[in-house]
$ cat start-v9.txt   # compact mmCIF, C-alpha atoms
# COMPACT_ATOMS: atom_id res chain seq x y z
CA MET A 1 0.00 0.00 0.00
CA THR A 2 1.31 3.46 -0.90
CA PRO A 3 2.12 5.45 2.25
CA THR A 4 0.09 8.57 3.00
CA CYS A 5 1.93 11.84 3.58
CA PRO A 6 1.29 12.90 7.21
CA ILE A 7 1.57 16.55 6.20
CA CYS A 8 -0.91 16.85 3.31
CA SER A 9 -2.50 13.35 3.08
CA ALA A 10 -1.33 12.81 -0.52
CA THR A 11 -0.13 9.39 -1.69
CA SER A 12 2.14 10.41 -4.57
CA TRP A 13 5.90 10.28 -4.02
CA SER A 14 9.01 11.04 -6.02
CA ASP A 15 11.64 8.49 -6.96
CA PRO A 16 14.05 7.80 -4.06
CA LEU A 17 16.25 10.68 -2.99
CA LEU A 18 18.43 8.28 -1.02
CA ALA A 19 17.93 4.55 -0.47
CA VAL A 20 20.22 2.54 1.82
CA ASP A 21 19.39 -0.94 3.11
CA ARG A 22 21.20 -0.77 6.44
CA VAL A 23 21.92 2.38 8.46
CA PRO A 24 22.33 3.20 12.17
CA VAL A 25 19.05 4.33 13.73
CA ALA A 26 20.61 6.72 16.26
CA ASN A 27 23.44 8.66 14.65
CA SER A 28 24.17 10.79 17.72
CA ARG A 29 24.42 7.85 20.09
CA LEU A 30 27.92 6.95 21.24
CA TYR A 31 29.18 3.55 22.35
CA ALA A 32 31.91 2.16 24.57
CA SER A 33 33.40 -0.05 21.86
CA ALA A 34 33.19 -0.93 18.18
CA GLU A 35 31.66 -4.27 19.17
CA GLU A 36 28.88 -2.55 21.10
CA ALA A 37 28.23 -0.21 18.18
CA ALA A 38 28.06 -3.12 15.72
CA ALA A 39 25.38 -4.80 17.85
CA ALA A 40 23.15 -1.70 17.88
CA PRO A 41 19.84 -1.72 15.96
CA SER A 42 19.78 -0.70 12.29
CA GLY A 43 17.09 0.42 9.87
CA SER A 44 16.68 1.42 6.24
CA LEU A 45 16.43 4.66 4.29
CA ASP A 46 13.92 5.18 1.50
CA ILE A 47 13.72 8.95 1.41
CA ARG A 48 11.31 10.44 -1.12
CA VAL A 49 9.55 13.76 -1.61
CA CYS A 50 5.78 14.20 -1.54
CA THR A 51 4.77 15.53 -4.95
CA ARG A 52 1.96 17.62 -3.44
CA CYS A 53 3.45 19.39 -0.42
CA GLY A 54 7.17 19.05 -1.19
CA THR A 55 8.00 17.50 2.20
CA GLY A 56 10.66 14.78 2.34
CA ARG A 57 9.94 11.54 4.16
CA ASN A 58 11.74 8.30 5.00
CA LEU A 59 9.10 5.80 3.92
CA ALA A 60 11.06 2.99 5.62
CA PHE A 61 10.99 4.67 9.04
CA GLU A 62 9.98 2.54 12.05
CA PRO A 63 9.49 4.73 15.15
CA GLY A 64 10.14 1.94 17.63
CA LEU A 65 13.74 1.48 16.48
CA VAL A 66 15.05 4.87 17.62
CA ASP A 67 16.37 5.15 21.18
CA TYR A 68 17.33 8.61 22.46
CA GLY A 69 18.41 7.28 25.83
CA GLU A 70 21.80 6.71 27.43
CA GLY A 71 24.74 7.66 25.23
CA TYR A 72 22.79 10.04 22.98
CA GLU A 73 24.94 13.18 22.81
CA ASP A 74 23.76 15.96 20.48
CA THR A 75 24.37 19.26 22.29
CA GLN A 76 25.99 22.02 20.21
CA ALA A 77 26.57 24.34 23.15
CA HIS A 78 30.32 23.60 23.32
CA SER A 79 30.71 25.64 20.11
CA PRO A 80 31.09 29.43 20.43
CA ARG A 81 29.81 29.74 16.85
CA PHE A 82 26.59 27.94 17.73
CA VAL A 83 26.08 29.83 20.99
CA ALA A 84 26.48 33.10 19.06
CA PHE A 85 23.86 31.99 16.53
CA ALA A 86 21.45 30.93 19.29
CA THR A 87 21.96 34.19 21.17
CA GLU A 88 21.30 36.27 18.04
CA THR A 89 18.14 34.26 17.33
CA ILE A 90 16.85 34.78 20.87
CA ASP A 91 17.64 38.51 20.79
CA ARG A 92 15.57 38.94 17.62
CA LEU A 93 12.61 37.09 19.11
CA VAL A 94 12.69 39.05 22.35
CA GLU A 95 12.99 42.41 20.60
CA ARG A 96 10.37 41.66 17.93
CA TYR A 97 7.67 40.44 20.32
CA GLY A 98 8.59 42.20 23.56
CA LEU A 99 9.35 38.99 25.44
CA ASP A 100 11.21 40.37 28.46
CA GLY A 101 10.01 38.36 31.46
CA ALA A 102 8.23 35.87 29.19
CA ARG A 103 7.26 32.34 30.20
CA THR A 104 8.97 29.98 27.76
CA LEU A 105 8.10 26.40 26.89
CA GLU A 106 10.57 24.41 24.79
CA ILE A 107 9.28 21.23 23.18
CA GLY A 108 12.05 18.73 22.46
CA CYS A 109 14.54 20.67 24.57
CA GLY A 110 17.30 18.05 24.34
CA LYS A 111 19.74 18.88 27.09
CA GLY A 112 18.12 22.28 27.65
CA ASP A 113 20.96 24.53 26.55
CA PHE A 114 18.88 26.70 24.17
CA LEU A 115 16.21 27.16 26.85
CA ARG A 116 18.85 28.24 29.33
CA LEU A 117 19.99 30.93 26.89
CA VAL A 118 16.39 32.06 26.34
CA CYS A 119 15.65 32.39 30.05
CA ARG A 120 18.93 34.14 30.76
CA ARG A 121 17.96 36.72 28.11
CA THR A 122 14.29 37.17 29.06
CA GLY A 123 14.65 36.82 32.82
CA GLY A 124 11.47 34.76 32.83
CA PRO A 125 10.76 31.14 33.79
CA GLY A 126 11.16 28.20 31.45
CA ILE A 127 9.85 24.66 31.08
CA GLY A 128 11.65 22.14 28.90
CA LEU A 129 10.08 18.87 27.77
CA ASP A 130 11.99 16.00 26.20
CA PRO A 131 11.59 12.24 26.72
CA ALA A 132 15.37 11.88 26.69
CA PHE A 133 16.28 14.96 28.74
CA SER A 134 19.64 14.94 30.49
CA PRO A 135 21.71 17.89 31.77
CA GLY A 136 23.53 19.95 29.13
CA ALA A 137 26.71 21.97 28.83
CA LEU A 138 25.42 25.27 30.27
CA ASP A 139 24.62 25.97 33.91
CA ASP A 140 21.26 26.82 35.49
CA ASP A 141 22.60 29.34 38.02
CA GLY A 142 20.03 32.01 38.77
CA LEU A 143 17.46 30.63 36.32
CA ASP A 144 13.86 29.58 37.01
CA LEU A 145 13.82 26.31 35.05
CA VAL A 146 11.89 23.07 35.15
CA PHE A 147 12.80 20.08 32.95
CA GLU A 148 10.52 17.10 32.48
CA ALA A 149 11.61 13.90 30.74
CA ARG A 150 8.40 13.37 28.77
CA PRO A 151 6.86 14.24 25.40
CA TYR A 152 4.46 17.10 24.64
CA GLY A 153 1.01 16.30 23.34
CA PRO A 154 -2.67 17.22 23.07
CA GLY A 155 -4.40 18.63 26.14
CA GLU A 156 -1.33 20.23 27.74
CA SER A 157 -2.22 23.00 30.22
CA LEU A 158 1.23 24.58 30.44
CA GLU A 159 1.07 28.37 30.20
CA ALA A 160 3.58 30.09 27.94
CA ASP A 161 4.19 33.38 26.18
CA LEU A 162 6.75 31.75 23.89
CA VAL A 163 6.73 28.18 22.58
CA VAL A 164 10.00 26.96 21.05
CA CYS A 165 10.39 23.77 19.02
CA ARG A 166 13.85 23.41 17.51
CA HIS A 167 15.10 20.40 15.56
CA THR A 168 12.30 18.21 16.84
CA LEU A 169 9.65 18.20 14.10
CA GLU A 170 11.98 16.34 11.73
CA HIS A 171 12.25 13.50 14.27
CA LEU A 172 8.49 12.96 14.54
CA ASP A 173 6.38 10.45 12.66
CA ASP A 174 3.53 13.00 12.66
CA PRO A 175 4.94 16.53 12.99
CA ALA A 176 1.66 18.10 11.86
CA ALA A 177 -0.03 16.69 14.97
CA LEU A 178 2.49 18.42 17.24
CA MET A 179 1.98 21.77 15.50
CA ALA A 180 -1.80 21.35 15.81
CA ALA A 181 -1.40 20.54 19.52
CA VAL A 182 0.53 23.78 20.04
CA ALA A 183 -2.25 25.72 18.31
CA ASP A 184 -4.95 23.97 20.37
CA ASN A 185 -3.20 24.10 23.75
CA HIS A 186 -2.15 27.75 23.87
CA GLU A 187 -3.89 31.10 23.77
CA PRO A 188 -4.15 33.07 20.50
CA GLY A 189 -1.17 35.40 20.21
CA THR A 190 1.27 33.04 21.92
CA VAL A 191 4.57 33.41 20.06
CA VAL A 192 5.83 30.24 18.34
CA TYR A 193 9.35 29.61 17.03
CA LEU A 194 10.03 26.53 14.88
CA GLU A 195 13.45 25.52 13.53
CA VAL A 196 14.25 22.57 11.24
CA PRO A 197 16.92 21.60 8.68
CA ASP A 198 16.26 22.97 5.20
CA LEU A 199 15.47 20.32 2.58
CA THR A 200 16.02 22.81 -0.25
CA ARG A 201 19.63 23.35 0.83
CA ILE A 202 20.18 19.58 1.11
CA LEU A 203 18.95 19.15 -2.46
CA ASP A 204 20.90 22.11 -3.83
CA ASP A 205 24.18 21.04 -2.18
CA GLY A 206 23.86 17.29 -2.70
CA ALA A 207 24.27 17.05 1.08
CA PHE A 208 23.50 13.36 1.51
CA TRP A 209 25.28 13.50 4.90
CA ASP A 210 22.23 15.40 6.19
CA LEU A 211 19.89 12.49 5.44
CA TYR A 212 19.71 9.93 8.25
CA TYR A 213 17.37 7.71 10.16
CA GLU A 214 16.37 9.92 13.11
CA HIS A 215 15.14 12.51 10.63
CA VAL A 216 11.98 11.01 9.20
CA THR A 217 10.55 14.32 7.85
CA TYR A 218 12.31 17.03 5.81
CA PHE A 219 10.77 20.49 5.33
CA SER A 220 11.49 23.25 2.85
CA PRO A 221 10.62 26.83 3.88
CA ALA A 222 7.45 26.67 1.78
CA SER A 223 6.30 23.27 3.03
CA LEU A 224 6.89 24.17 6.70
CA ALA A 225 4.96 27.44 6.35
CA ALA A 226 2.03 25.78 4.60
CA ALA A 227 1.94 22.97 7.19
CA ALA A 228 2.09 25.42 10.11
CA GLU A 229 -0.82 27.44 8.75
CA ARG A 230 -2.97 24.36 8.31
CA ALA A 231 -2.16 23.39 11.89
CA GLY A 232 -3.57 26.69 13.19
CA LEU A 233 -0.48 28.92 13.39
CA ALA A 234 -0.27 32.42 11.95
CA VAL A 235 3.09 32.68 10.17
CA ASP A 236 4.86 36.02 10.57
CA SER A 237 8.14 35.13 8.85
CA VAL A 238 10.11 32.22 7.41
CA ASP A 239 13.85 32.72 7.16
CA LEU A 240 17.03 30.76 6.51
CA ALA A 241 19.82 30.88 9.08
CA PHE A 242 23.09 29.26 10.13
CA ASP A 243 24.57 29.59 6.64
CA ASP A 244 21.15 28.73 5.19
CA GLN A 245 21.14 25.29 6.84
CA TYR A 246 18.08 25.93 9.02
CA VAL A 247 14.52 27.00 8.27
CA CYS A 248 13.36 29.36 11.02
CA LEU A 249 9.62 30.01 11.25
CA THR A 250 8.31 32.69 13.57
CA GLY A 251 4.61 33.10 14.19
CA ARG A 252 1.77 33.02 16.69
CA VAL A 253 -1.08 30.81 17.71
CA ALA A 254 -3.79 32.03 15.38
CA GLY A 255 -7.02 33.65 16.42
CA THR A 256 -10.29 33.41 14.49
CA GLY A 257 -9.73 34.36 10.86
CA ASP A 258 -6.00 34.83 11.44
CA VAL A 259 -4.78 31.74 9.57
CA GLY A 260 -3.29 32.07 6.09
CA SER A 261 -3.89 29.72 3.19
CA ARG A 262 -0.58 29.22 1.41
CA PRO A 263 -0.76 26.62 -1.36
CA TRP A 264 1.21 23.42 -1.08
CA PRO A 265 4.47 24.06 -2.96
CA GLY A 266 4.62 20.77 -4.90
CA HIS A 267 7.82 19.14 -6.07
CA ASP A 268 10.21 19.67 -8.98
CA PRO A 269 10.47 16.27 -10.72
CA GLY A 270 13.98 17.11 -11.91
CA ALA A 271 15.26 17.64 -8.38
CA ILE A 272 16.06 13.98 -7.71
CA ALA A 273 18.32 13.52 -10.73
CA ALA A 274 20.04 16.83 -9.99
CA PHE A 275 20.60 15.77 -6.35
CA THR A 276 22.10 12.44 -7.45
CA ALA A 277 24.53 14.24 -9.77
CA ARG A 278 25.58 16.57 -6.94
CA VAL A 279 26.14 13.60 -4.62
CA ASP A 280 28.42 11.98 -7.21
CA ALA A 281 30.35 15.24 -7.56
CA ALA A 282 30.73 15.60 -3.78
CA LEU A 283 32.05 12.04 -3.49
CA SER A 284 34.54 12.68 -6.29
CA ARG A 285 35.83 15.79 -4.51
CA LEU A 286 36.15 13.90 -1.24
CA ARG A 287 37.95 11.00 -2.93
CA ALA A 288 40.59 13.38 -4.27
CA VAL A 289 41.13 14.87 -0.80
CA VAL A 290 41.40 11.68 1.28
CA ALA A 291 43.23 9.36 -1.14
CA ASP A 292 46.16 7.59 0.58
CA ARG A 293 46.05 9.93 3.60
CA THR A 294 45.30 9.55 7.30
CA VAL A 295 41.91 11.19 7.71
CA CYS A 296 40.01 12.64 10.64
CA LEU A 297 36.39 13.78 10.47
CA TRP A 298 35.73 16.83 12.67
CA GLY A 299 32.25 16.54 14.14
CA ALA A 300 31.37 13.34 16.00
CA SER A 301 27.69 13.46 15.20
CA SER A 302 25.00 12.62 12.66
CA LYS A 303 26.75 14.02 9.59
CA ALA A 304 29.88 11.94 10.16
CA VAL A 305 27.85 8.77 10.69
CA ALA A 306 25.83 9.43 7.53
CA LEU A 307 29.01 10.05 5.51
CA VAL A 308 30.70 6.86 6.71
CA THR A 309 27.51 4.86 6.10
CA VAL A 310 27.24 5.98 2.46
CA ALA A 311 30.97 6.14 1.68
CA PRO A 312 32.74 3.48 3.79
CA ASP A 313 35.32 2.96 1.05
CA LEU A 314 36.49 6.56 1.51
CA VAL A 315 36.21 7.23 5.24
CA GLY A 316 35.28 3.91 6.86
CA GLY A 317 38.58 3.81 8.74
CA ALA A 318 38.75 7.50 9.61
CA LEU A 319 39.32 8.86 13.08
CA VAL A 320 36.75 11.34 14.37
CA THR A 321 37.19 14.30 16.69
CA ASP A 322 34.95 16.84 18.40
CA ILE A 323 35.23 19.75 20.83
CA ASN A 324 32.69 18.10 23.16
CA PRO A 325 34.80 16.25 25.78
CA ARG A 326 31.89 13.90 26.56
CA LYS A 327 32.53 12.25 23.21
CA TRP A 328 36.26 11.56 23.62
CA GLY A 329 37.10 7.90 24.01
CA ARG A 330 33.72 6.82 22.68
CA VAL A 331 32.80 5.19 19.37
CA LEU A 332 30.35 6.26 16.66
CA PRO A 333 27.57 3.87 15.55
CA THR A 334 29.76 3.14 12.50
CA GLY A 335 32.63 1.96 14.72
CA ASN A 336 34.85 5.02 14.20
CA PRO A 337 36.74 6.04 17.37
CA VAL A 338 36.40 9.58 18.72
CA VAL A 339 39.59 11.26 19.92
CA ALA A 340 40.37 14.65 21.42
CA PRO A 341 41.55 17.36 18.98
CA SER A 342 44.85 17.49 20.85
CA ASP A 343 45.50 13.87 19.85
CA LEU A 344 45.47 14.46 16.09
CA ALA A 345 49.20 15.11 15.73
CA SER A 346 50.21 11.96 17.61
CA ARG A 347 47.78 9.96 15.47
CA GLY A 348 49.51 11.09 12.28
CA VAL A 349 46.43 12.82 10.87
CA GLU A 350 47.14 14.49 7.53
CA VAL A 351 43.74 15.92 6.60
CA VAL A 352 40.75 17.04 8.64
CA VAL A 353 37.38 16.90 6.91
CA VAL A 354 35.08 19.49 8.47
CA MET A 355 31.64 17.90 8.60
CA ASN A 356 29.84 21.24 8.92
CA PRO A 357 31.56 24.13 7.10
CA VAL A 358 29.84 26.66 9.37
CA TYR A 359 32.42 25.68 12.01
CA GLU A 360 35.48 25.90 9.72
CA ALA A 361 36.92 29.12 11.16
CA GLU A 362 36.42 27.87 14.71
CA ILE A 363 38.10 24.56 13.86
CA ARG A 364 41.05 26.21 12.14
CA ALA A 365 41.57 28.39 15.22
CA ASP A 366 41.44 25.35 17.53
CA LEU A 367 43.99 23.49 15.39
CA ALA A 368 46.33 26.49 15.31
CA GLU A 369 46.07 26.92 19.08
CA SER A 370 46.89 23.23 19.55
CA GLY A 371 49.85 23.44 17.16
CA VAL A 372 48.36 20.80 14.86
CA ASP A 373 49.45 21.34 11.25
CA VAL A 374 47.08 19.51 8.89
CA ASP A 375 45.14 20.19 5.72
CA VAL A 376 41.57 21.29 6.40
CA HIS A 377 38.83 20.37 3.93
CA PRO A 378 35.25 21.60 4.48
CA LEU A 379 32.77 18.99 3.31
CA ALA A 380 30.74 20.37 0.42
$ encode --input "start-v9.txt" --output "structure tokens"
Amino acid sequence: MTPTCPICSATSWSDPLLAVDRVPVANSRLYASAEEAAAAPSGSLDIRVCTRCGTGRNLAFEPGLVDYGEGYEDTQAHSPRFVAFATETIDRLVERYGLDGARTLEIGCGKGDFLRLVCRRTGGPGIGLDPAFSPGALDDDGLDLVFEARPYGPGESLEADLVVCRHTLEHLDDPAALMAAVADNHEPGTVVYLEVPDLTRILDDGAFWDLYYEHVTYFSPASLAAAAERAGLAVDSVDLAFDDQYVCLTGRVAGTGDVGSRPWPGHDPGAIAAFTARVDAALSRLRAVVADRTVCLWGASSKAVALVTVAPDLVGGALVTDINPRKWGRVLPTGNPVVAPSDLASRGVEVVVVMNPVYEAEIRADLAESGVDVDVHPLA
């Protein structure tokens, strides 16, 4: 039976954007050994685009396979570049909507670091919900915060002036239901901020390393805006940020007659072939960089796991490093060991592949400070 799109209810899909029989189901989970990683559950990718609403979807996704529990490490708060981006985002929200002293609810708060930054800026209280919550990199000193290790759903009675949902919708089997719950549970005028990876950028860049199992749904700016309106949110703006990697939607819970009616954006049938050609070109560039050299991937997270999964012949034996010390001495789901940046010289690393080019300047500065002299190649 042809799957139904959970966003627009259509049953027409593109040819596969990416199909892989066996992939890790939790790319950001770290393991004690390669043997433990090899025994972890796996799933399949069959990522296609809905021809009506333009939303990407892994049609092979099985929700019960993903475990965000012990060992799942996805905080970005160790990066000054990311903290600067988050701070700028929060400043714009506070200034645009007058949110000083606001009550903030973050849905899918992860380790709570973004919420901590919000509450430090607004001076108001915050509630963070996430089934896999565990303490993050930033401290709670002086903040009025409550974290609950549970999901958000229909019928919530939590009061909020600002509802934040960052990098959570793409993990959900039914993201439209969560957006509708926000619209139903909160008063008209409540400010809503949504942030997801941008499918358009993935297609344009051939960024297959941004396609992985935890992300079952992929939005473009147009498809996210149309879906949010149909869920009962009034969309004030849709922007790209973080070097155009993220779609950032700002809006409010709609009142009567306040909901727009954007058309579903559809899908360009030539996009799949163009994406495939860009993937081939990216692999050719990477092959030229890593040939016969000792390689280290900088960024021990989802992108590195996706790259190794698709291109094991190129980087299957690569070391991996990260600025997050919680990752050092651990192993990726693909079996690649994670080492501290200071260990690269003693490991004979000749080239560092930067998994996210937005961090290139930061990484170059860290290498220079550590006295590590290697070639640096941003993945693109």
$ atom_distance --input "start-v9.txt" --atom1 "atom CA of A:Glu195" --atom2 "atom CA of A:Ala10"
24.0 Å
$ closest_atom_pairs --input "start-v9.txt" --of "stretch 235-346 of chain A" --to "stretch 170-186 of chain A" --cutoff "9 Å" --atoms "only C-alpha atoms" --output "CSV"
residue,atom,partner,partner_atom,distance
A:Arg252,CA,A:Ala183,CA,8.5
A:Val253,CA,A:Ala183,CA,5.3
A:Ala254,CA,A:Ala183,CA,7.1
$ atom_distance --input "start-v9.txt" --atom1 "atom CA of A:Leu65" --atom2 "atom CA of A:Val23"
11.5 Å
$ residues_around --input "start-v9.txt" --residues "A:Ser261" --least-positions-apart "5" --cutoff "8 Å" --atoms "all atoms listed in the file" --output "PyMOL selection string"
chain A and resi 226+229-230
$ closest_residue --input "start-v9.txt" --among "A:Val235, A:Glu187, A:Ser223, A:Ala291" --to "A:Gly255" --atoms "all atoms listed in the file"
A:Glu187
$ closest_residue --input "start-v9.txt" --among "A:Leu30, A:Ala160, A:Cys53, A:Val374" --to "A:Leu99" --atoms "all atoms listed in the file"
A:Ala160
$ residues_around --input "start-v9.txt" --residues "A:Glu362" --least-positions-apart "2" --cutoff "12 Å" --atoms "only C-alpha atoms" --output "PDB file with C-alpha atoms, in the frame of the given file"
ATOM      1  CA  HIS A  78      30.320  23.600  23.320  1.00  0.00           C
ATOM      2  CA  SER A  79      30.710  25.640  20.110  1.00  0.00           C
ATOM      3  CA  PRO A  80      31.090  29.430  20.430  1.00  0.00           C
ATOM      4  CA  ARG A  81      29.810  29.740  16.850  1.00  0.00           C
ATOM      5  CA  PHE A  82      26.590  27.940  17.730  1.00  0.00           C
ATOM      6  CA  TRP A 298      35.730  16.830  12.670  1.00  0.00           C
ATOM      7  CA  ASP A 322      34.950  16.840  18.400  1.00  0.00           C
ATOM      8  CA  ILE A 323      35.230  19.750  20.830  1.00  0.00           C
ATOM      9  CA  VAL A 354      35.080  19.490   8.470  1.00  0.00           C
ATOM     10  CA  ASN A 356      29.840  21.240   8.920  1.00  0.00           C
ATOM     11  CA  PRO A 357      31.560  24.130   7.100  1.00  0.00           C
ATOM     12  CA  VAL A 358      29.840  26.660   9.370  1.00  0.00           C
ATOM     13  CA  TYR A 359      32.420  25.680  12.010  1.00  0.00           C
ATOM     14  CA  GLU A 360      35.480  25.900   9.720  1.00  0.00           C
ATOM     15  CA  ARG A 364      41.050  26.210  12.140  1.00  0.00           C
ATOM     16  CA  ALA A 365      41.570  28.390  15.220  1.00  0.00           C
ATOM     17  CA  ASP A 366      41.440  25.350  17.530  1.00  0.00           C
ATOM     18  CA  LEU A 367      43.990  23.490  15.390  1.00  0.00           C
ATOM     19  CA  ALA A 368      46.330  26.490  15.310  1.00  0.00           C
ATOM     20  CA  GLU A 369      46.070  26.920  19.080  1.00  0.00           C
ATOM     21  CA  VAL A 376      41.570  21.290   6.400  1.00  0.00           C
TER      22      VAL A 376
END
$ atom_distance --input "start-v9.txt" --atom1 "atom CA of A:Val163" --atom2 "atom CA of A:Gly54"
25.5 Å
$ closest_residue --input "start-v9.txt" --among "A:Val372, A:Pro378, A:Pro63, A:Gly232" --to "A:Ala282" --atoms "only C-alpha atoms"
A:Pro378
$ closest_atom_pairs --input "start-v9.txt" --of "stretch 23-81 of chain A" --to "stretch 106-115 of chain A" --cutoff "10 Å" --atoms "all atoms listed in the file" --output "tab-separated table"
residue	atom	partner	partner_atom	distance
A:Tyr68	CA	A:Gly110	CA	9.6
A:Tyr72	CA	A:Gly110	CA	9.8
A:Glu73	CA	A:Lys111	CA	8.8
A:Asp74	CA	A:Gly110	CA	7.8
A:Thr75	CA	A:Lys111	CA	6.7
A:Gln76	CA	A:Asp113	CA	8.5
A:Ala77	CA	A:Asp113	CA	6.6
A:His78	CA	A:Asp113	CA	9.9
$ closest_residue --input "start-v9.txt" --among "A:Ile363, A:Ala37, A:Leu199, A:Cys50" --to "A:Gly266" --atoms "all atoms listed in the file"
A:Cys50
$ closest_residue --input "start-v9.txt" --among "A:Glu35, A:Asp161, A:Glu350, A:Asp21" --to "A:Val331" --atoms "only C-alpha atoms"
A:Glu35
$ residues_around --input "start-v9.txt" --residues "A:Thr51" --least-positions-apart "2" --cutoff "12 Å" --atoms "only C-alpha atoms" --output "ChimeraX atom specification"
/A:4-5,7-15,48-49,53-57,223,264-272
$ write_last_selection --input "start-v9.txt" --atoms "C-alpha atoms" --output "tab-separated table (two decimals), in the coordinates of the input"
chain	number	residue	atom	x	y	z
A	4	THR	CA	0.09	8.57	3.00
A	5	CYS	CA	1.93	11.84	3.58
A	7	ILE	CA	1.57	16.55	6.20
A	8	CYS	CA	-0.91	16.85	3.31
A	9	SER	CA	-2.50	13.35	3.08
A	10	ALA	CA	-1.33	12.81	-0.52
A	11	THR	CA	-0.13	9.39	-1.69
A	12	SER	CA	2.14	10.41	-4.57
A	13	TRP	CA	5.90	10.28	-4.02
A	14	SER	CA	9.01	11.04	-6.02
A	15	ASP	CA	11.64	8.49	-6.96
A	48	ARG	CA	11.31	10.44	-1.12
A	49	VAL	CA	9.55	13.76	-1.61
A	53	CYS	CA	3.45	19.39	-0.42
A	54	GLY	CA	7.17	19.05	-1.19
A	55	THR	CA	8.00	17.50	2.20
A	56	GLY	CA	10.66	14.78	2.34
A	57	ARG	CA	9.94	11.54	4.16
A	223	SER	CA	6.30	23.27	3.03
A	264	TRP	CA	1.21	23.42	-1.08
A	265	PRO	CA	4.47	24.06	-2.96
A	266	GLY	CA	4.62	20.77	-4.90
A	267	HIS	CA	7.82	19.14	-6.07
A	268	ASP	CA	10.21	19.67	-8.98
A	269	PRO	CA	10.47	16.27	-10.72
A	270	GLY	CA	13.98	17.11	-11.91
A	271	ALA	CA	15.26	17.64	-8.38
A	272	ILE	CA	16.06	13.98	-7.71
$ closest_residue --input "start-v9.txt" --among "A:Val351, A:Leu169, A:Ala281, A:Ala306" --to "A:Tyr152" --atoms "all atoms listed in the file"
A:Leu169
$ residues_around --input "start-v9.txt" --residues "A:Val305" --least-positions-apart "3" --cutoff "10 Å" --atoms "all atoms listed in the file" --output "PDB file with C-alpha atoms, keeping the file's coordinate frame"
ATOM      1  CA  VAL A  23      21.920   2.380   8.460  1.00  0.00           C
ATOM      2  CA  PRO A  24      22.330   3.200  12.170  1.00  0.00           C
ATOM      3  CA  ALA A  26      20.610   6.720  16.260  1.00  0.00           C
ATOM      4  CA  ASN A  27      23.440   8.660  14.650  1.00  0.00           C
ATOM      5  CA  SER A  28      24.170  10.790  17.720  1.00  0.00           C
ATOM      6  CA  TRP A 209      25.280  13.500   4.900  1.00  0.00           C
ATOM      7  CA  ASP A 210      22.230  15.400   6.190  1.00  0.00           C
ATOM      8  CA  TYR A 212      19.710   9.930   8.250  1.00  0.00           C
ATOM      9  CA  LEU A 297      36.390  13.780  10.470  1.00  0.00           C
ATOM     10  CA  GLY A 299      32.250  16.540  14.140  1.00  0.00           C
ATOM     11  CA  ALA A 300      31.370  13.340  16.000  1.00  0.00           C
ATOM     12  CA  SER A 301      27.690  13.460  15.200  1.00  0.00           C
ATOM     13  CA  SER A 302      25.000  12.620  12.660  1.00  0.00           C
ATOM     14  CA  VAL A 308      30.700   6.860   6.710  1.00  0.00           C
ATOM     15  CA  THR A 309      27.510   4.860   6.100  1.00  0.00           C
ATOM     16  CA  VAL A 310      27.240   5.980   2.460  1.00  0.00           C
ATOM     17  CA  ALA A 311      30.970   6.140   1.680  1.00  0.00           C
ATOM     18  CA  PRO A 312      32.740   3.480   3.790  1.00  0.00           C
ATOM     19  CA  GLY A 316      35.280   3.910   6.860  1.00  0.00           C
ATOM     20  CA  VAL A 320      36.750  11.340  14.370  1.00  0.00           C
ATOM     21  CA  LEU A 332      30.350   6.260  16.660  1.00  0.00           C
ATOM     22  CA  PRO A 333      27.570   3.870  15.550  1.00  0.00           C
ATOM     23  CA  THR A 334      29.760   3.140  12.500  1.00  0.00           C
ATOM     24  CA  GLY A 335      32.630   1.960  14.720  1.00  0.00           C
ATOM     25  CA  ASN A 336      34.850   5.020  14.200  1.00  0.00           C
TER      26      ASN A 336
END
$ residues_around --input "start-v9.txt" --residues "A:Ala60" --least-positions-apart "2" --cutoff "10 Å" --atoms "all atoms listed in the file" --output "CSV table (one decimal) with C-alpha atoms, keeping the file's coordinate frame"
chain,number,residue,atom,x,y,z
A,3,PRO,CA,2.1,5.4,2.2
A,19,ALA,CA,17.9,4.6,-0.5
A,20,VAL,CA,20.2,2.5,1.8
A,21,ASP,CA,19.4,-0.9,3.1
A,43,GLY,CA,17.1,0.4,9.9
A,44,SER,CA,16.7,1.4,6.2
A,45,LEU,CA,16.4,4.7,4.3
A,46,ASP,CA,13.9,5.2,1.5
A,47,ILE,CA,13.7,9.0,1.4
A,57,ARG,CA,9.9,11.5,4.2
A,58,ASN,CA,11.7,8.3,5.0
A,62,GLU,CA,10.0,2.5,12.0
A,63,PRO,CA,9.5,4.7,15.2
A,213,TYR,CA,17.4,7.7,10.2
A,216,VAL,CA,12.0,11.0,9.2
